[in-house]
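Q: Following this line is protein_31.txt, made up of compact mmCIF, C-alpha atoms:
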# COMPACT_ATOMS: atom_id res chain seq x y z
CA MET A 140 0.00 0.00 0.00
CA THR A 141 1.29 3.44 -0.88
CA THR A 142 1.37 5.74 2.11
CA LEU A 143 1.24 9.53 2.07
CA GLN A 144 4.92 9.53 3.01
CA ASP A 145 5.70 7.39 -0.05
CA GLU A 146 3.84 9.92 -2.19
CA HIS A 147 5.83 12.78 -0.66
CA ARG A 148 9.12 10.99 -1.20
CA ALA A 149 8.23 10.05 -4.78
CA TYR A 150 7.35 13.62 -5.75
CA ARG A 151 10.39 15.05 -3.98
CA ASP A 152 12.69 12.56 -5.75
CA GLU A 153 11.05 13.39 -9.07
CA LEU A 154 11.73 17.10 -8.53
CA LEU A 155 15.31 16.46 -7.44
CA GLN A 156 15.94 14.15 -10.38
CA ALA A 157 14.56 16.74 -12.80
CA GLY A 158 16.90 19.30 -11.24
CA LEU A 159 14.01 21.60 -10.31
CA LEU A 160 14.97 21.33 -6.64
CA ILE A 161 18.57 20.93 -5.50
CA SER A 162 19.33 18.77 -2.47
CA MET A 163 21.08 20.45 0.45
CA GLY A 164 21.15 17.31 2.59
CA VAL A 165 18.48 18.53 5.00
CA ASP A 166 14.77 17.72 4.76
CA GLY A 167 12.84 20.82 3.79
CA LEU A 168 15.89 22.84 2.67
CA TYR A 169 16.44 23.05 -1.09
CA GLY A 170 18.09 25.02 -3.82
CA ARG A 171 15.88 26.05 -6.73
CA SER A 172 16.68 25.80 -10.43
CA GLY A 173 16.27 28.61 -12.94
CA THR A 174 13.10 27.01 -14.22
CA PHE A 175 11.66 26.75 -10.70
CA GLU A 176 12.53 30.39 -10.01
CA GLY A 177 10.99 31.41 -13.32
CA ILE A 178 7.68 29.93 -12.18
CA VAL A 179 8.01 31.65 -8.78
CA GLU A 180 8.55 34.96 -10.58
CA GLY A 181 5.53 34.21 -12.74
CA ILE A 182 3.36 33.73 -9.65
CA ASN A 183 4.63 37.03 -8.28
CA HIS A 184 3.82 38.60 -11.62
CA ALA A 185 0.24 37.27 -11.44
CA PHE A 186 -0.09 38.48 -7.83
CA SER A 187 1.23 41.95 -8.73
CA LYS A 188 -1.12 42.25 -11.65
CA VAL A 189 -4.07 41.87 -9.28
CA GLY A 190 -2.63 43.69 -6.26
CA ASP A 191 -0.55 46.56 -7.68
CA PRO A 192 -3.56 48.67 -8.74
CA ASP A 193 -4.32 49.06 -4.99
CA ARG A 194 -1.02 50.99 -4.75
CA PRO A 195 0.39 49.24 -1.68
CA ASP A 196 3.44 50.45 0.20
CA VAL A 197 6.15 48.04 -0.86
CA MET A 198 8.37 46.83 1.98
CA ARG A 199 11.06 44.20 1.55
CA PHE A 200 12.62 42.81 4.69
CA PRO A 201 15.44 40.27 5.03
CA PRO A 202 14.47 36.78 6.24
CA GLY A 203 15.54 37.83 9.71
CA ILE A 204 13.59 39.85 12.26
CA GLY A 205 14.91 41.44 15.42
CA LYS A 206 14.88 39.22 18.51
CA TRP A 207 12.86 41.98 20.17
CA GLN A 208 10.33 41.81 17.34
CA LEU A 209 9.93 38.07 17.81
CA GLU A 210 9.45 38.57 21.55
CA GLN A 211 6.87 41.32 21.13
CA SER A 212 4.97 39.51 18.36
CA GLY A 213 3.53 36.86 20.69
CA TYR A 214 4.78 34.08 18.40
CA LEU A 215 6.78 32.48 21.22
CA LYS A 216 3.53 32.07 23.16
CA SER A 217 1.65 30.34 20.38
CA SER A 218 4.21 28.50 18.25
CA PRO A 219 7.55 28.04 20.04
CA GLN A 220 8.15 24.75 18.22
CA LEU A 221 8.41 26.52 14.85
CA VAL A 222 10.74 29.34 15.86
CA GLY A 223 14.22 29.65 14.41
CA THR A 224 16.79 31.81 16.17
CA ILE A 225 20.28 32.74 15.01
CA HIS A 226 23.16 31.93 17.28
CA SER A 227 26.80 32.77 16.78
CA PHE A 228 30.24 32.14 18.21
CA THR A 229 31.26 34.83 20.68
CA GLY A 230 34.21 33.25 22.48
CA ASN A 231 37.94 33.94 22.56
CA ASP A 232 40.89 32.11 20.94
CA ARG A 233 40.83 29.38 23.55
CA ASP A 234 37.09 28.85 23.08
CA HIS A 235 37.68 28.69 19.32
CA ARG A 236 40.29 25.96 19.65
CA ALA A 237 38.04 24.00 22.00
CA MET A 238 35.16 24.31 19.55
CA LEU A 239 37.25 23.00 16.65
CA GLU A 240 38.47 20.13 18.77
CA THR A 241 34.91 19.18 19.65
CA LEU A 242 33.96 19.45 15.98
CA GLU A 243 36.80 17.14 15.01
CA GLN A 244 35.70 14.60 17.60
CA GLY A 245 32.17 14.71 16.26
CA GLY A 246 30.83 16.30 19.45
CA ASP A 247 28.33 19.11 19.92
CA TRP A 248 30.36 22.13 18.79
CA THR A 249 27.29 24.37 19.14
CA ALA A 250 27.27 24.30 22.95
CA GLY A 251 29.11 27.63 23.23
CA GLN A 252 26.98 29.45 20.66
CA LYS A 253 25.15 32.51 21.93
CA MET A 254 21.88 33.98 20.79
CA THR A 255 22.34 36.96 18.47
CA GLN A 256 19.85 39.82 18.17
CA VAL A 257 18.36 38.12 15.10
CA ALA A 258 15.60 35.53 14.70
CA LEU A 259 14.20 34.08 11.48
CA ALA A 260 10.95 35.49 10.12
CA PRO A 261 8.07 33.03 10.72
CA ALA A 262 5.90 34.88 8.18
CA ALA A 263 6.57 37.62 5.64
CA CYS A 264 4.40 40.17 7.43
CA TYR A 265 6.21 40.07 10.79
CA GLY A 266 8.47 42.96 9.79
CA VAL A 267 5.51 45.06 8.68
CA TYR A 268 3.64 45.64 11.98
CA PRO A 269 6.48 47.28 13.94
CA ALA A 270 7.41 49.36 10.87
CA VAL A 271 3.88 50.71 10.49
CA ALA A 272 3.53 51.24 14.26
CA ALA A 273 6.71 53.32 14.28
CA ARG A 274 5.15 55.79 11.83
CA GLY A 275 2.46 56.82 14.30
CA PRO A 276 -1.32 56.93 13.71
CA MET A 277 -2.39 56.03 10.18
CA GLY A 278 -4.46 58.24 7.88
CA GLY A 279 -8.16 57.66 7.33
CA ASN A 280 -7.48 55.12 4.59
CA GLY A 281 -5.42 52.98 6.93
CA GLY A 282 -2.43 51.12 5.52
CA LEU A 283 -1.76 48.57 2.80
CA VAL A 284 1.65 46.91 2.56
CA ASP A 285 3.10 44.53 0.00
CA CYS A 286 5.78 42.28 1.49
CA TYR A 287 7.76 39.28 0.29
CA THR A 288 10.46 37.32 2.04
CA TYR A 289 11.87 33.95 2.90
CA CYS A 290 10.33 32.54 6.07
CA PHE A 291 11.51 29.77 8.37
CA ARG A 292 9.49 27.21 10.27
CA HIS A 293 11.11 24.32 12.06
CA GLU A 294 9.12 21.40 10.73
CA PRO A 295 11.49 19.08 8.82
CA SER A 296 9.58 16.91 6.37
CA ILE A 297 10.18 14.96 3.20
CA ASP A 298 7.04 16.54 1.76
CA PRO A 299 8.48 18.98 -0.80
CA ALA A 300 5.47 21.21 -0.10
CA ARG A 301 6.50 21.53 3.56
CA MET A 302 9.80 23.33 3.27
CA GLN A 303 11.60 24.76 6.28
CA MET A 304 12.60 27.82 4.29
CA PHE A 305 10.08 29.17 1.82
CA ARG A 306 8.74 32.47 0.53
CA GLN A 307 5.45 34.21 1.15
CA ARG A 308 4.13 37.06 -0.96
CA GLU A 309 1.67 39.03 1.09
CA HIS A 310 -0.56 42.03 1.19
CA VAL A 311 -1.27 43.31 4.69
CA ARG A 312 -4.19 45.60 5.45
CA LEU A 313 -4.22 47.75 8.56
CA GLY A 314 -7.13 49.96 9.56
CA THR A 315 -10.61 49.74 10.98
CA GLU A 316 -12.40 46.42 11.50
CA GLU A 317 -14.40 47.10 8.37
CA GLN A 318 -11.34 47.93 6.27
CA ALA A 319 -9.59 44.73 7.39
CA THR A 320 -12.58 42.44 6.83
CA THR A 321 -13.47 44.03 3.48
CA PHE A 322 -9.88 43.48 2.35
CA ARG A 323 -9.99 39.82 3.32
CA LYS A 324 -13.28 39.27 1.53
CA LEU A 325 -11.93 40.93 -1.60
CA TRP A 326 -8.76 38.83 -1.60
CA MET A 327 -10.68 35.60 -0.98
CA GLU A 328 -12.36 36.29 -4.33
CA ARG A 329 -9.16 37.44 -6.01
CA GLY A 330 -7.10 34.52 -4.69
CA GLN A 331 -9.58 32.00 -6.05
CA ALA A 332 -9.64 33.78 -9.42
CA VAL A 333 -5.83 33.69 -9.68
CA ILE A 334 -5.57 30.00 -8.81
CA LYS A 335 -8.43 29.19 -11.18
CA SER A 336 -6.65 31.04 -13.99
CA LEU A 337 -3.65 28.80 -13.34
CA GLY A 338 -5.75 25.72 -14.12
CA LEU A 339 -5.45 24.27 -10.63
CA PRO A 340 -8.20 22.42 -8.74
CA PHE A 341 -8.84 23.91 -5.31
CA GLU A 342 -11.17 24.31 -2.39
CA VAL A 343 -11.39 27.00 0.27
CA ASP A 344 -11.86 25.97 3.88
CA VAL A 345 -11.71 27.43 7.36
CA ALA A 346 -8.38 26.60 9.00
CA ASN A 347 -6.18 27.07 12.04
CA ASP A 348 -2.50 27.67 12.61
CA PRO A 349 -0.41 24.82 14.08
CA PHE A 350 -0.31 26.28 17.60
CA PHE A 351 1.69 24.49 20.26
CA GLY A 352 0.44 22.23 23.05
CA ARG A 353 -2.78 22.27 25.07
CA THR A 354 -3.00 26.03 25.08
CA GLY A 355 -2.51 25.84 21.32
CA LYS A 356 -5.53 23.60 21.08
CA LEU A 357 -7.60 26.35 22.67
CA LEU A 358 -6.13 28.96 20.29
CA ALA A 359 -6.80 26.68 17.30
CA THR A 360 -10.43 25.97 18.19
CA SER A 361 -11.00 29.69 18.88
CA GLN A 362 -9.47 30.58 15.52
CA ARG A 363 -11.79 28.14 13.77
CA GLU A 364 -14.89 29.12 15.75
CA GLU A 365 -14.30 32.74 14.80
CA ALA A 366 -13.35 31.82 11.19
CA LEU A 367 -10.26 34.01 11.43
CA LYS A 368 -8.27 31.93 8.95
CA PHE A 369 -9.24 30.52 5.58
CA GLU A 370 -6.97 28.50 3.35
CA LEU A 371 -7.10 27.82 -0.35
CA LEU A 372 -6.12 24.19 -0.66
CA VAL A 373 -4.75 22.47 -3.76
CA PRO A 374 -4.14 18.73 -3.97
CA ILE A 375 -0.41 18.24 -4.61
CA THR A 376 0.66 14.81 -3.37
CA SER A 377 -2.71 13.90 -1.88
CA THR A 378 -6.35 14.55 -2.68
CA GLU A 379 -7.43 13.64 0.86
CA GLN A 380 -4.93 16.02 2.40
CA PRO A 381 -4.61 18.95 0.00
CA THR A 382 -1.96 21.59 0.62
CA ALA A 383 -2.64 25.15 1.73
CA CYS A 384 -1.28 27.38 -1.04
CA VAL A 385 -2.91 30.69 -0.13
CA SER A 386 -4.16 31.87 3.25
CA PHE A 387 -6.56 34.66 4.13
CA ASN A 388 -6.19 35.83 7.70
CA TYR A 389 -8.05 38.28 9.89
CA HIS A 390 -6.11 38.99 13.09
CA ARG A 391 -8.74 41.21 14.71
CA ASP A 392 -6.75 43.66 16.87
CA LEU A 393 -4.04 41.13 17.91
CA PHE A 394 -1.19 42.90 16.11
CA GLY A 395 -2.75 46.34 16.46
CA ARG A 396 -2.77 45.91 20.21
CA GLY A 397 0.58 44.09 20.36
CA TRP A 398 2.39 46.79 18.41
CA GLY A 399 0.31 49.83 19.34
CA ILE A 400 -0.88 50.46 15.77
CA LYS A 401 -3.52 53.20 15.74
CA THR A 402 -6.14 54.29 13.24
CA SER A 403 -6.71 57.95 12.38
CA THR A 404 -9.27 58.16 15.18
CA GLY A 405 -6.80 56.80 17.72
CA ASP A 406 -8.46 53.39 17.97
CA VAL A 407 -6.46 50.16 18.00
CA ALA A 408 -6.06 49.00 14.39
CA HIS A 409 -7.43 45.74 13.07
CA THR A 410 -5.30 43.87 10.56
CA ALA A 411 -5.69 41.21 7.89
CA CYS A 412 -3.36 39.63 5.41
CA VAL A 413 -3.37 37.44 2.34
CA GLY A 414 -0.36 35.23 1.77
CA PHE A 415 0.59 33.33 -1.36
CA GLY A 416 2.95 30.41 -0.72
CA VAL A 417 4.92 30.79 -3.93
CA GLU A 418 6.86 27.51 -3.69
CA ARG A 419 3.69 25.56 -2.93
CA ILE A 420 1.86 27.06 -5.91
CA THR A 421 4.92 26.27 -8.06
CA LEU A 422 4.87 22.66 -6.85
CA ALA A 423 1.13 22.44 -7.54
CA LEU A 424 1.65 23.75 -11.09
CA LEU A 425 4.46 21.25 -11.73
CA LYS A 426 2.29 18.44 -10.38
CA HIS A 427 -0.81 19.29 -12.42
CA HIS A 428 0.72 20.53 -15.66
CA GLY A 429 3.90 18.44 -15.73
CA LEU A 430 7.57 19.16 -15.19
CA SER A 431 8.07 20.67 -18.64
CA VAL A 432 6.92 24.29 -18.58
CA PRO A 433 6.90 24.70 -22.40
CA HIS A 434 4.21 22.01 -22.50
CA TRP A 435 1.91 23.79 -20.04
CA PRO A 436 -1.38 25.16 -21.36
CA GLN A 437 -0.82 28.47 -23.15
CA GLN A 438 -3.40 30.23 -20.99
CA VAL A 439 -1.53 29.25 -17.80
CA ARG A 440 1.80 30.43 -19.25
CA ASP A 441 0.16 33.71 -20.26
CA VAL A 442 -1.01 34.35 -16.68
CA LEU A 443 2.53 33.69 -15.44
CA GLY A 444 4.17 35.65 -18.24
CA LEU A 445 6.20 32.56 -19.20
CA MET B 190 -13.08 32.82 54.78
CA SER B 191 -14.75 30.61 52.25
CA SER B 192 -15.75 31.81 48.80
CA SER B 193 -17.58 30.25 45.91
CA ALA B 194 -15.91 29.29 42.65
CA ARG B 195 -17.86 32.12 41.03
CA ASP B 196 -16.30 34.65 43.42
CA ARG B 197 -12.82 33.24 42.86
CA VAL B 198 -13.25 33.46 39.09
CA ARG B 199 -14.41 37.05 39.40
CA THR B 200 -11.43 37.90 41.64
CA LEU B 201 -9.09 36.35 39.11
CA LEU B 202 -10.62 38.43 36.32
CA LYS B 203 -10.47 41.58 38.44
CA THR B 204 -6.82 41.35 39.41
CA THR B 205 -5.22 40.31 36.13
CA GLY B 206 -6.04 43.16 33.76
CA TRP B 207 -7.18 40.83 30.96
CA LEU B 208 -10.44 42.71 30.57
CA GLN B 209 -10.87 46.25 29.34
CA THR B 210 -14.04 46.59 31.37
CA ASP B 211 -14.15 46.38 35.16
CA ILE B 212 -15.56 42.96 36.08
CA ASP B 213 -17.56 44.62 38.90
CA THR B 214 -19.72 46.29 36.26
CA LEU B 215 -20.39 42.99 34.48
CA GLY B 216 -22.94 40.31 35.25
CA ASN B 217 -22.07 36.63 35.48
CA ASP B 218 -23.52 36.06 32.03
CA ALA B 219 -21.72 39.00 30.37
CA ASP B 220 -19.65 38.16 27.30
CA LEU B 221 -16.01 38.38 28.39
CA TYR B 222 -14.79 38.63 24.79
CA VAL B 223 -16.90 41.75 24.31
CA ALA B 224 -15.32 43.00 27.55
CA GLY B 225 -11.89 42.77 25.92
CA LEU B 226 -10.67 39.23 26.63
CA THR B 227 -8.25 38.36 23.81
CA SER B 228 -7.32 34.89 22.53
CA HIS B 229 -3.92 35.02 24.22
CA ALA B 230 -5.47 36.28 27.47
CA THR B 231 -7.92 33.36 27.28
CA VAL B 232 -4.95 31.01 27.25
CA THR B 233 -3.48 32.72 30.32
CA LEU B 234 -6.90 32.65 32.00
CA MET B 235 -7.20 28.93 31.30
CA LEU B 236 -3.79 28.24 32.87
CA ALA B 237 -4.60 30.45 35.86
CA LEU B 238 -7.91 28.63 36.41
CA GLU B 239 -6.12 25.26 36.25
CA GLU B 240 -3.65 26.45 38.88
CA THR B 241 -6.26 28.06 41.12
CA PHE B 242 -8.60 25.06 41.13
CA ASP B 243 -5.90 22.39 40.65
CA VAL B 244 -7.60 20.90 37.63
CA GLU B 245 -6.87 20.26 33.97
CA PHE B 246 -9.41 21.11 31.31
CA PRO B 247 -9.96 18.17 28.96
CA ASP B 248 -9.59 18.71 25.18
CA SER B 249 -13.37 18.82 24.79
CA LEU B 250 -13.49 22.00 26.91
CA LEU B 251 -10.61 23.75 25.15
CA ARG B 252 -13.02 25.93 23.23
CA ARG B 253 -13.74 29.61 23.08
CA ARG B 254 -17.20 29.35 24.62
CA THR B 255 -15.87 27.58 27.73
CA PHE B 256 -14.38 30.92 28.81
CA SER B 257 -17.01 33.22 27.36
CA SER B 258 -18.59 34.30 30.68
CA VAL B 259 -18.21 33.81 34.42
CA ASP B 260 -21.19 31.45 34.32
CA ALA B 261 -19.68 29.44 31.44
CA ILE B 262 -16.39 29.08 33.33
CA VAL B 263 -18.14 27.97 36.51
CA GLU B 264 -20.21 25.48 34.53
CA ALA B 265 -17.05 24.04 32.97
CA LEU B 266 -15.37 23.82 36.37
CA ALA B 267 -18.39 21.96 37.74
CA GLU B 268 -18.24 19.60 34.78
CA ILE B 269 -14.71 18.58 35.69
CA GLY B 270 -15.53 17.98 39.33
CA VAL B 271 -14.86 21.31 41.07
CA ASN B 272 -17.17 21.99 43.98
CA THR B 273 -18.51 25.30 42.76
CA GLU B 274 -20.32 26.18 45.96
CA ALA B 275 -18.43 27.64 48.93
CA VAL B 276 -15.04 25.98 49.35
Mind turning this structure into structure tokens?

A:
Amino acid sequence: MTTLQDEHRAYRDELLQAGLLISMGVDGLYGRSGTFEGIVEGINHAFSKVGDPDRPDVMRFPPGIGKWQLEQSGYLKSSPQLVGTIHSFTGNDRDHRAMLETLEQGGDWTAGQKMTQVALAPAACYGVYPAVAARGPMGGNGGLVDCYTYCFRHEPSIDPARMQMFRQREHVRLGTEEQATTFRKLWMERGQAVIKSLGLPFEVDVANDPFFGRTGKLLATSQREEALKFELLVPITSTEQPTACVSFNYHRDLFGRGWGIKTSTGDVAHTACVGFGVERITLALLKHHGLSVPHWPQQVRDVLGL
Amino acid sequence: MSSSARDRVRTLLKTTGWLQTDIDTLGNDADLYVAGLTSHATVTLMLALEETFDVEFPDSLLRRRTFSSVDAIVEALAEIGVNTEAV
């Protein structure tokens, strides 16, 4: 009997063999070929075509966020198991020699590493909230930000669609409750239209984030009961367990309160975001239309500008 | 001095600052989420209740509505065996 894990392995091996992904010897960490990146750029192109007319503020952050930003975001409370932090060597010459000796002996050379001021971004929008908060109260139209970065989540897997380092292209809306919810509704329609134009089968369903532990269970059921998160799911390696390729999130005033983001009337801002998982959509396209892009339907290539 | 579970829940809500509205102005059936209880504060409230009453909420009670009002909390505590009268 073929298990889901077999399916994941088979598709991953197919992608590696075709040279679309490049092995780095760690599950969930891959290089990407020129063809793969071309598709990723095409998805960004399709996203921009729909989103650019809204004239968002474009912000590009590195894949790292400040340690202080991670601490203030609340992410350590809800998802500590996914967090990546950057540590570095801070010792003297003697410590250096000892480290190399341990390395040579195959021991744990990381024991003396110290936490830097940098953590890895768990989502593309984590740099946005403190940046907008620092500007002071927003105007009456609120804020709209376009962001795109590599994200890290510690969940090693052989499923090529569950990478540890992947990119999210997002639009983030900040403003009144009505502005945030209207934005999410609009993008739920737009997101479906984009994926449909790419010739992919999909469904949209209410979802929850993979929060940690018993308290996470409470957060997850609350998130579902309030329908704060919807995902657009595309079958990649499994029809029974399709993969979330786009998410539509309404955070209520979680980030507004956490970061002190204010509307023009001085009220705590509500926020929402739409995130396109560009690698996952690429993998879905390769699965449904084949590994040879020139053989994809013309209409799909037109949408992607390929 | 003995106090009922309802009083202890109200004291907890009064002293922690999780609500934006003073609990003294709210009835036992008032919606705590409307009163400013956030998702993360609900988690902290749940842990504080477990510590105060020395209990553990089963998975079936790890829902938003379990903590939606003082009455709902007391009902949940009773369900898991807490003597909700004077203790």

Q: Give the residues of chain B that lie within 8 Å of chain A; count all atoms listed in the file, and format the answer as number ranges by chain.

A: B: 227-229, 232, 248, 251-253

Q: List every residue of stretch 207-254 of chain A that has an atom at most 10 Å from any atom of stretch 327-349 of chain A, giving for each one its closest atom pair and the distance in Å to one decimal, counting all atoms listed in the file, sorted by chain and then by ascending residue number, as JSON lines.

A:
{"residue": "A:Ser217", "atom": "CA", "partner": "A:Pro349", "partner_atom": "CA", "distance": 8.6}
{"residue": "A:Ser218", "atom": "CA", "partner": "A:Pro349", "partner_atom": "CA", "distance": 7.2}
{"residue": "A:Gln220", "atom": "CA", "partner": "A:Pro349", "partner_atom": "CA", "distance": 9.5}
{"residue": "A:Leu221", "atom": "CA", "partner": "A:Pro349", "partner_atom": "CA", "distance": 9.0}

Q: Rounded to one decimal place, report the atom CA of A:Ser386-atom CA of A:Ala263 distance in Å.

A: 12.4 Å

Q: So that I can see what lies close to A:Ala273, please list as a PDB file with C-alpha atoms, keeping the file's coordinate frame the residues with an atom at most 12 Å from it, counting all atoms listed in the file and leaving out residues fewer than 5 positions away in the same chain.

A:
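Dumped to around-v5.pdb:
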ATOM      1  CA  GLY A 266       8.470  42.960   9.790  1.00  0.00           C
ATOM      2  CA  VAL A 267       5.510  45.060   8.680  1.00  0.00           C
ATOM      3  CA  TYR A 268       3.640  45.640  11.980  1.00  0.00           C
ATOM      4  CA  GLY A 395      -2.750  46.340  16.460  1.00  0.00           C
ATOM      5  CA  TRP A 398       2.390  46.790  18.410  1.00  0.00           C
ATOM      6  CA  GLY A 399       0.310  49.830  19.340  1.00  0.00           C
ATOM      7  CA  ILE A 400      -0.880  50.460  15.770  1.00  0.00           C
ATOM      8  CA  LYS A 401      -3.520  53.200  15.740  1.00  0.00           C
TER       9      LYS A 401
END

Q: For the atom pair atom CA of A:Ala411 and atom CA of A:Val373, what is the interatomic distance in Å to one decimal place?

A: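 Spanning atom CA of A:Ala411 to atom CA of A:Val373 is a straight-line distance of 22.1 Å.
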
Q: Determine the nearest neighbour of B:Thr233 from the options B:Ser193, B:Thr205, B:Thr200, B:Asn272, counting only C-alpha atoms.

A: B:Thr205

Q: List the spatial neighbours of stretch 232-236 of chain A as a PyMOL selection string - criterion: any atom at most 12 Å away, all atoms listed in the file, same-chain residues fewer than 5 positions off excluded.

A: chain A and resi 227+241-243+248-252

Q: Generate the output file for the selected residues, C-alpha atoms, as a PDB file, in the frame of the given file.

A:
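Heads up, here's the output in part_3.pdb:
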ATOM      1  CA  SER A 227      26.800  32.770  16.780  1.00  0.00           C
ATOM      2  CA  THR A 241      34.910  19.180  19.650  1.00  0.00           C
ATOM      3  CA  LEU A 242      33.960  19.450  15.980  1.00  0.00           C
ATOM      4  CA  GLU A 243      36.800  17.140  15.010  1.00  0.00           C
ATOM      5  CA  TRP A 248      30.360  22.130  18.790  1.00  0.00           C
ATOM      6  CA  THR A 249      27.290  24.370  19.140  1.00  0.00           C
ATOM      7  CA  ALA A 250      27.270  24.300  22.950  1.00  0.00           C
ATOM      8  CA  GLY A 251      29.110  27.630  23.230  1.00  0.00           C
ATOM      9  CA  GLN A 252      26.980  29.450  20.660  1.00  0.00           C
TER      10      GLN A 252
END

Q: As a VMD selection string, please: the residues near A:Arg199 (cut-off 7 Å, all atoms listed in the file, same-chain neighbours under 6 positions excluded).

A: chain A and resid 286 to 288

Q: For stretch 238-257 of chain B, supply N, CA and C atoms and report the output as an mmCIF file, in the frame of the given file.

A:
data_model
loop_
_atom_site.group_PDB
_atom_site.id
_atom_site.type_symbol
_atom_site.label_atom_id
_atom_site.label_comp_id
_atom_site.auth_asym_id
_atom_site.auth_seq_id
_atom_site.Cartn_x
_atom_site.Cartn_y
_atom_site.Cartn_z
ATOM 1 N N LEU B 238 -6.795 29.383 35.818
ATOM 2 C CA LEU B 238 -7.910 28.630 36.410
ATOM 3 C C LEU B 238 -7.440 27.223 36.805
ATOM 4 N N GLU B 239 -6.631 26.616 35.943
ATOM 5 C CA GLU B 239 -6.120 25.260 36.250
ATOM 6 C C GLU B 239 -5.285 25.286 37.528
ATOM 7 N N GLU B 240 -4.499 26.352 37.686
ATOM 8 C CA GLU B 240 -3.650 26.450 38.880
ATOM 9 C C GLU B 240 -4.494 26.742 40.112
ATOM 10 N N THR B 241 -5.420 27.665 39.974
ATOM 11 C CA THR B 241 -6.260 28.060 41.120
ATOM 12 C C THR B 241 -7.089 26.888 41.642
ATOM 13 N N PHE B 242 -7.676 26.132 40.709
ATOM 14 C CA PHE B 242 -8.600 25.060 41.130
ATOM 15 C C PHE B 242 -7.954 23.672 41.082
ATOM 16 N N ASP B 243 -6.651 23.647 40.728
ATOM 17 C CA ASP B 243 -5.900 22.390 40.650
ATOM 18 C C ASP B 243 -6.614 21.358 39.774
ATOM 19 N N VAL B 244 -6.912 21.777 38.584
ATOM 20 C CA VAL B 244 -7.600 20.900 37.630
ATOM 21 C C VAL B 244 -6.926 21.005 36.252
ATOM 22 N N GLU B 245 -7.339 20.145 35.347
ATOM 23 C CA GLU B 245 -6.870 20.260 33.970
ATOM 24 C C GLU B 245 -8.080 20.157 33.055
ATOM 25 N N PHE B 246 -8.278 21.152 32.234
ATOM 26 C CA PHE B 246 -9.410 21.110 31.310
ATOM 27 C C PHE B 246 -9.165 20.040 30.239
ATOM 28 N N PRO B 247 -10.130 19.149 30.025
ATOM 29 C CA PRO B 247 -9.960 18.170 28.960
ATOM 30 C C PRO B 247 -10.075 18.841 27.584
ATOM 31 N N ASP B 248 -9.575 18.156 26.552
ATOM 32 C CA ASP B 248 -9.590 18.710 25.180
ATOM 33 C C ASP B 248 -10.976 19.214 24.778
ATOM 34 N N SER B 249 -12.011 18.462 25.228
ATOM 35 C CA SER B 249 -13.370 18.820 24.790
ATOM 36 C C SER B 249 -13.798 20.202 25.308
ATOM 37 N N LEU B 250 -13.123 20.680 26.363
ATOM 38 C CA LEU B 250 -13.490 22.000 26.910
ATOM 39 C C LEU B 250 -12.551 23.115 26.437
ATOM 40 N N LEU B 251 -11.543 22.733 25.635
ATOM 41 C CA LEU B 251 -10.610 23.750 25.150
ATOM 42 C C LEU B 251 -11.224 24.474 23.950
ATOM 43 N N ARG B 252 -12.284 25.191 24.245
ATOM 44 C CA ARG B 252 -13.020 25.930 23.230
ATOM 45 C C ARG B 252 -13.259 27.341 23.726
ATOM 46 N N ARG B 253 -13.513 28.205 22.778
ATOM 47 C CA ARG B 253 -13.740 29.610 23.080
ATOM 48 C C ARG B 253 -14.913 29.821 24.038
ATOM 49 N N ARG B 254 -15.995 29.080 23.817
ATOM 50 C CA ARG B 254 -17.200 29.350 24.620
ATOM 51 C C ARG B 254 -17.064 28.906 26.073
ATOM 52 N N THR B 255 -16.099 27.997 26.350
ATOM 53 C CA THR B 255 -15.870 27.580 27.730
ATOM 54 C C THR B 255 -15.537 28.774 28.622
ATOM 55 N N PHE B 256 -14.869 29.777 28.023
ATOM 56 C CA PHE B 256 -14.380 30.920 28.810
ATOM 57 C C PHE B 256 -15.124 32.215 28.469
ATOM 58 N N SER B 257 -16.320 32.043 27.898
ATOM 59 C CA SER B 257 -17.010 33.220 27.360
ATOM 60 C C SER B 257 -17.714 34.078 28.413
#
